[in-house]
Number of protein chains: 2
Amino acid sequence: MIKVLIVDDHHLFAEGVKSMFRPEDDIEITHHTINGNEVPHLLSKHEIDVILMDVSMPILNGIETMILLKNEGHDTPILMLTMHQSIKQVKGALRKGAQGYILKDASKAELKQAIELVNKRENYFHPKISNQVFDYFRGKNSLVSELDTLSEREIEIIKYIAEGCNSKAIAESLFISEHTVKTHRRNIMHKLHVKTSAELIKLAIDKDII
Amino acid sequence: MIKVLIVDDHHLFAEGVKSMFRPEDDIEITHHTINGNEVPHLLSKHEIDVILMDVSMPILNGIETMILLKNEGHDTPILMLTMHQSIKQVKGALRKGAQGYILKDASKAELKQAIELVNKRENYFHPKISNQVFDYFRGKNSLVSELDTLSEREIEIIKYIAEGCNSKAIAESLFISEHTVKTHRRNIMHKLHVKTSAELIKLAIDKDII
DNA sequence: TTCAGAATACCACTTTCGCGGTATTGGGTG
DNA sequence: CACCCAATACCGCGAAAGTGGTATTCTGAA
């Protein structure tokens, strides 16, 4: 019996998955939390084989939770769960040691297979994203893969733009020159192949950059 | 036994909810589709008491599906399901005759209660949004409720802005004057209290306007 | 039928953006 | 050590956005 911990802020989803598995599936959802901070505690107290974790959560997101776990020495295999097909998330998850990646529009059979593979410390990638992943590791610079060439500073700038700040306001907030901000903006727009800041924000949200 | 049809493009969620209900709950998920266009057909062929429908779906969204159903003379009670707490969606759903509204982070108990109420043609509102709804019907013009004062044309303009079009390009696409587009943009920014088009797009996406 | 609001259109003005360069510094890697 | 790249900074220009006001037409609701 594979014991699974679900980390997801959508109760209905978590409860649904929990009721989905029968004893004959050899998979059991033993625990559930909506807060990434509670995961280390749960892992210490209970016997857990696989963590099924949503990427986007309000308190601590999936990637942050993974970093927390690695820092505390936990190595329970993690299957990441997401709504979107963002290569940035996939890459981030893999970098931090996620064992697999599955979309929320997968079927029960796919989820079962994914949990079983991850439990054996093998990798699982949902078919919808596997092509992107392969392309990425082949070094193909597709449109999507260029997203994660953004630096931390650039992402910071994007967040300010999304809040309606102009270059001058951003410069004052970050204690840098307005010229610098403009250079960052130009680099960002160029990297993401967008023509306006509005389009930039849409892309950034679609790809979970911000 | 309340027979429920789920309309949702997230298989895992739908399968999860399906397995969640036991015979003793007196609720059964009898059908599932990811395409709103198939709903009329399913309603004609099978006995269905309640429709549990996601608001945002790729092919035909929740509101559009509801309009389709009403036009074809169906009056099966509908419980709308969403990730976000958007007063615009709530209002749109109520206008078109939805019986209730529930968030995806609700619990099983809440969903059960919601389905039971909707089946009796009573209304159900998830606690997290009920206050907003009450405020709205009290006529309180909160910040949020101003979102749905946007006209169809204005929303159309926003979508073009999000694609990176400038005013001239939008004007050419819609066969109107660039002056008109600029007026629309000004009205939109004023209504939503945003200073830049980038902030506008973020807000529009956050509130599911586009 | 009157009246509000949506969609359309125009003028004028200031500010900001987007784009073309170029260049220095500092941190990390082979 | 040499090299790369991110972050920083500056100049200038044309295009677009953002802001102000005004006005006509049309539809739908009171």
# chains A, B, ... in the order shown; residues from 1 in each chain; ligands from 1
call {"tool": "closest_atom_pairs", "arguments": {"of": "chain B", "to": "chain C", "cutoff": "8 Å", "atoms": "only C-alpha atoms (C1' of nucleotides)", "output": "CSV"}}
result
residue,atom,partner,partner_atom,distance
B:Ser151,CA,C:DA6,C1',7.3
B:Ile176,CA,C:DT8,C1',8.0
B:Ser177,CA,C:DA9,C1',7.1
B:His179,CA,C:DA9,C1',6.2
B:Thr180,CA,C:DA9,C1',6.1
call {"tool": "write_last_selection", "arguments": {"atoms": "N, CA and C atoms", "output": "PDB file, in the first residue's frame"}}
result
ATOM      1  N   SER B 151     -18.682  47.071 -20.353  1.00  0.00           N
ATOM      2  CA  SER B 151     -19.531  46.641 -21.467  1.00  0.00           C
ATOM      3  C   SER B 151     -18.827  45.542 -22.268  1.00  0.00           C
ATOM      4  N   ILE B 176     -13.221  50.442 -36.388  1.00  0.00           N
ATOM      5  CA  ILE B 176     -13.663  51.689 -35.772  1.00  0.00           C
ATOM      6  C   ILE B 176     -12.494  52.661 -35.746  1.00  0.00           C
ATOM      7  N   SER B 177     -12.749  53.870 -35.321  1.00  0.00           N
ATOM      8  CA  SER B 177     -11.703  54.882 -35.294  1.00  0.00           C
ATOM      9  C   SER B 177     -10.750  54.676 -34.128  1.00  0.00           C
ATOM     10  N   HIS B 179      -9.653  56.954 -32.362  1.00  0.00           N
ATOM     11  CA  HIS B 179     -10.175  57.823 -31.303  1.00  0.00           C
ATOM     12  C   HIS B 179     -11.122  57.045 -30.387  1.00  0.00           C
ATOM     13  N   THR B 180     -11.971  56.254 -31.011  1.00  0.00           N
ATOM     14  CA  THR B 180     -12.935  55.460 -30.251  1.00  0.00           C
ATOM     15  C   THR B 180     -12.227  54.471 -29.336  1.00  0.00           C
TER      16      THR B 180
END
call {"tool": "select_by_dssp", "arguments": {"residues": "stretch 150-192 of chain B", "states": "helix (DSSP H, G or I)", "output": "VMD selection string"}}
result
chain B and resid 152 to 162 167 to 174 178 to 192
call {"tool": "atom_distance", "arguments": {"atom1": "atom CA of A:His11", "atom2": "atom CA of A:Thr33"}}
result
9.0 Å
call {"tool": "interface_residues", "arguments": {"of": "chain D", "to": "chain A", "cutoff": "9 Å", "atoms": "only C-alpha atoms (C1' of nucleotides)", "output": "PyMOL selection string"}}
result
chain D and resi 6-10
call {"tool": "write_last_selection", "arguments": {"atoms": "N, CA and C atoms (P, O5', C5', C4', C3', O3' and C1' of nucleotides)", "output": "mmCIF file, in the first residue's frame"}}
result
data_model
loop_
_atom_site.group_PDB
_atom_site.id
_atom_site.type_symbol
_atom_site.label_atom_id
_atom_site.label_comp_id
_atom_site.auth_asym_id
_atom_site.auth_seq_id
_atom_site.Cartn_x
_atom_site.Cartn_y
_atom_site.Cartn_z
ATOM 1 P P DA D 6 22.171 36.762 -18.213
ATOM 2 O "O5'" DA D 6 21.682 37.290 -16.796
ATOM 3 C "C5'" DA D 6 22.218 36.735 -15.618
ATOM 4 C "C4'" DA D 6 22.425 37.818 -14.576
ATOM 5 C "C3'" DA D 6 21.335 38.881 -14.545
ATOM 6 O "O3'" DA D 6 20.954 39.118 -13.206
ATOM 7 C "C1'" DA D 6 23.445 39.914 -14.815
ATOM 8 P P DA D 7 19.727 40.092 -12.890
ATOM 9 O "O5'" DA D 7 20.419 41.470 -12.498
ATOM 10 C "C5'" DA D 7 21.409 41.496 -11.485
ATOM 11 C "C4'" DA D 7 22.053 42.870 -11.437
ATOM 12 C "C3'" DA D 7 21.053 44.040 -11.554
ATOM 13 O "O3'" DA D 7 21.203 44.907 -10.424
ATOM 14 C "C1'" DA D 7 22.884 44.325 -13.035
ATOM 15 P P DT D 8 20.231 46.133 -10.285
ATOM 16 O "O5'" DT D 8 21.089 47.355 -10.871
ATOM 17 C "C5'" DT D 8 22.298 47.722 -10.235
ATOM 18 C "C4'" DT D 8 23.155 48.544 -11.152
ATOM 19 C "C3'" DT D 8 22.550 49.854 -11.667
ATOM 20 O "O3'" DT D 8 22.840 50.904 -10.757
ATOM 21 C "C1'" DT D 8 23.871 48.735 -13.333
ATOM 22 P P DA D 9 22.017 52.272 -10.870
ATOM 23 O "O5'" DA D 9 22.562 52.932 -12.216
ATOM 24 C "C5'" DA D 9 23.927 53.333 -12.303
ATOM 25 C "C4'" DA D 9 24.195 53.888 -13.702
ATOM 26 C "C3'" DA D 9 23.187 54.926 -14.177
ATOM 27 O "O3'" DA D 9 23.747 56.227 -14.037
ATOM 28 C "C1'" DA D 9 23.879 53.414 -15.914
ATOM 29 P P DC D 10 22.851 57.514 -14.253
ATOM 30 O "O5'" DC D 10 23.099 57.873 -15.796
ATOM 31 C "C5'" DC D 10 24.429 58.039 -16.282
ATOM 32 C "C4'" DC D 10 24.422 58.133 -17.795
ATOM 33 C "C3'" DC D 10 23.351 59.054 -18.384
ATOM 34 O "O3'" DC D 10 23.941 60.264 -18.840
ATOM 35 C "C1'" DC D 10 23.602 57.034 -19.642
#
call {"tool": "closest_atom_pairs", "arguments": {"of": "chain A", "to": "chain B", "cutoff": "7 Å", "atoms": "only C-alpha atoms", "output": "Markdown table"}}
result
| residue | atom | partner | partner_atom | distance |
| --- | --- | --- | --- | --- |
| A:Asp9 | CA | B:Asp105 | CA | 6.4 |
| A:His10 | CA | B:Asp105 | CA | 3.9 |
| A:His11 | CA | B:Asp105 | CA | 4.6 |
| A:Leu12 | CA | B:Ser107 | CA | 5.4 |
| A:Phe13 | CA | B:Phe13 | CA | 5.5 |
| A:Glu15 | CA | B:Lys108 | CA | 6.9 |
| A:Gly16 | CA | B:Gly16 | CA | 3.5 |
| A:Val17 | CA | B:Gly16 | CA | 4.6 |
| A:Ser19 | CA | B:Met20 | CA | 4.7 |
| A:Met20 | CA | B:Ser19 | CA | 4.7 |
| A:Lys104 | CA | B:His10 | CA | 5.7 |
| A:Asp105 | CA | B:His10 | CA | 3.9 |
| A:Ala106 | CA | B:His11 | CA | 5.6 |
| A:Ser107 | CA | B:His11 | CA | 5.4 |
| A:Lys108 | CA | B:Leu12 | CA | 6.1 |
| A:Ile161 | CA | B:Ala198 | CA | 6.4 |
| A:Ala162 | CA | B:Glu199 | CA | 4.8 |
| A:Glu163 | CA | B:Glu199 | CA | 5.2 |
| A:Gly164 | CA | B:Glu199 | CA | 4.5 |
| A:Val194 | CA | B:Gly164 | CA | 7.0 |
| A:Lys195 | CA | B:Gly164 | CA | 5.8 |
| A:Thr196 | CA | B:Gly164 | CA | 5.2 |
| A:Ser197 | CA | B:Ala198 | CA | 5.4 |
| A:Ala198 | CA | B:Ala198 | CA | 4.0 |
| A:Glu199 | CA | B:Gly164 | CA | 4.5 |
| A:Ile201 | CA | B:Ala198 | CA | 6.0 |
| A:Lys202 | CA | B:Ala162 | CA | 6.0 |
call {"tool": "calpha_fit_rmsd", "arguments": {"fixed": "chain A", "moving": "chain B"}}
result
0.3 Å
call {"tool": "decode", "arguments": {"residues": "stretch 10-25 of chain D", "atoms": "N, CA, C and O atoms (P, O5', C5', C4', C3', O3' and C1' of nucleotides)", "output": "compact mmCIF listing (two decimals), in the first residue's frame"}}
result
# COMPACT_ATOMS: atom_id res chain seq x y z
P DC D 10 22.85 57.51 -14.25
O5' DC D 10 23.10 57.87 -15.80
C5' DC D 10 24.43 58.04 -16.28
C4' DC D 10 24.42 58.13 -17.80
C3' DC D 10 23.35 59.05 -18.38
O3' DC D 10 23.94 60.26 -18.84
C1' DC D 10 23.60 57.03 -19.64
P DC D 11 23.02 61.45 -19.37
O5' DC D 11 22.82 61.11 -20.92
C5' DC D 11 23.95 61.06 -21.77
C4' DC D 11 23.50 60.91 -23.22
C3' DC D 11 22.29 61.79 -23.58
O3' DC D 11 22.60 62.61 -24.71
C1' DC D 11 21.93 59.53 -24.25
P DG D 12 21.62 63.82 -25.07
O5' DG D 12 20.72 63.21 -26.24
C5' DG D 12 21.32 62.41 -27.24
C4' DG D 12 20.25 61.80 -28.12
C3' DG D 12 19.01 62.69 -28.32
O3' DG D 12 18.67 62.65 -29.68
C1' DG D 12 18.35 60.57 -27.58
P DC D 13 17.78 63.87 -30.31
O5' DC D 13 16.70 63.02 -31.10
C5' DC D 13 17.09 61.81 -31.78
C4' DC D 13 15.90 60.90 -31.92
C3' DC D 13 14.58 61.65 -32.14
O3' DC D 13 13.92 61.11 -33.26
C1' DC D 13 14.34 60.07 -30.42
P DG D 14 12.95 62.06 -34.09
O5' DG D 14 11.74 61.08 -34.44
C5' DG D 14 12.04 59.73 -34.84
C4' DG D 14 10.95 58.80 -34.32
C3' DG D 14 9.52 59.28 -34.60
O3' DG D 14 8.76 58.16 -34.99
C1' DG D 14 9.78 58.93 -32.29
P DA D 15 7.25 58.36 -35.53
O5' DA D 15 6.48 57.19 -34.77
C5' DA D 15 7.23 56.06 -34.28
C4' DA D 15 6.48 55.47 -33.10
C3' DA D 15 4.97 55.54 -33.21
O3' DA D 15 4.42 54.30 -32.77
C1' DA D 15 5.65 56.58 -31.20
P DA D 16 2.88 53.94 -33.14
O5' DA D 16 2.23 53.73 -31.70
C5' DA D 16 2.93 52.99 -30.71
C4' DA D 16 2.53 53.47 -29.33
C3' DA D 16 1.02 53.60 -29.13
O3' DA D 16 0.58 52.54 -28.28
C1' DA D 16 2.25 55.43 -28.15
P DA D 17 -0.85 52.51 -27.60
O5' DA D 17 -0.62 53.25 -26.21
C5' DA D 17 0.46 52.82 -25.37
C4' DA D 17 0.50 53.68 -24.11
C3' DA D 17 -0.82 53.72 -23.34
O3' DA D 17 -0.51 53.64 -21.96
C1' DA D 17 -0.15 55.92 -23.91
P DG D 18 -1.63 53.33 -20.91
O5' DG D 18 -1.99 54.77 -20.35
C5' DG D 18 -0.98 55.52 -19.69
C4' DG D 18 -1.45 56.93 -19.43
C3' DG D 18 -2.87 57.06 -18.87
O3' DG D 18 -2.81 57.90 -17.71
C1' DG D 18 -2.56 58.54 -20.70
P DT D 19 -4.11 58.26 -16.88
O5' DT D 19 -4.51 59.71 -17.40
C5' DT D 19 -3.52 60.75 -17.41
C4' DT D 19 -4.20 62.08 -17.73
C3' DT D 19 -5.66 62.18 -17.29
O3' DT D 19 -5.89 63.41 -16.65
C1' DT D 19 -5.48 62.73 -19.56
P DG D 20 -7.27 63.65 -15.90
O5' DG D 20 -7.99 64.72 -16.85
C5' DG D 20 -7.50 66.06 -16.92
C4' DG D 20 -8.11 66.78 -18.09
C3' DG D 20 -9.61 66.68 -18.26
O3' DG D 20 -10.29 67.64 -17.45
C1' DG D 20 -8.50 66.59 -20.36
P DG D 21 -11.89 67.63 -17.31
O5' DG D 21 -12.49 68.14 -18.71
C5' DG D 21 -11.96 69.29 -19.36
C4' DG D 21 -12.49 69.37 -20.78
C3' DG D 21 -14.00 69.20 -20.92
O3' DG D 21 -14.63 70.41 -21.36
C1' DG D 21 -12.83 67.98 -22.61
P DT D 22 -16.28 70.48 -21.37
O5' DT D 22 -16.64 69.92 -22.83
C5' DT D 22 -15.99 70.46 -23.98
C4' DT D 22 -16.52 69.75 -25.22
C3' DT D 22 -18.03 69.52 -25.23
O3' DT D 22 -18.62 70.19 -26.34
C1' DT D 22 -16.86 67.58 -25.90
P DA D 23 -20.19 70.31 -26.51
O5' DA D 23 -20.51 69.18 -27.59
C5' DA D 23 -19.63 68.96 -28.68
C4' DA D 23 -20.12 67.76 -29.48
C3' DA D 23 -21.63 67.51 -29.34
O3' DA D 23 -22.18 67.24 -30.61
C1' DA D 23 -20.44 65.55 -28.85
P DT D 24 -23.78 67.40 -30.85
O5' DT D 24 -24.10 66.13 -31.75
C5' DT D 24 -23.21 65.77 -32.81
C4' DT D 24 -23.35 64.28 -33.09
C3' DT D 24 -24.81 63.81 -33.17
O3' DT D 24 -25.02 63.09 -34.38
C1' DT D 24 -23.57 62.44 -31.70
P DT D 25 -26.53 62.79 -34.87
O5' DT D 25 -26.65 61.22 -34.68
C5' DT D 25 -25.59 60.36 -35.12
C4' DT D 25 -25.76 58.99 -34.47
C3' DT D 25 -27.22 58.49 -34.44
O3' DT D 25 -27.27 57.22 -35.07
C1' DT D 25 -26.21 58.25 -32.33
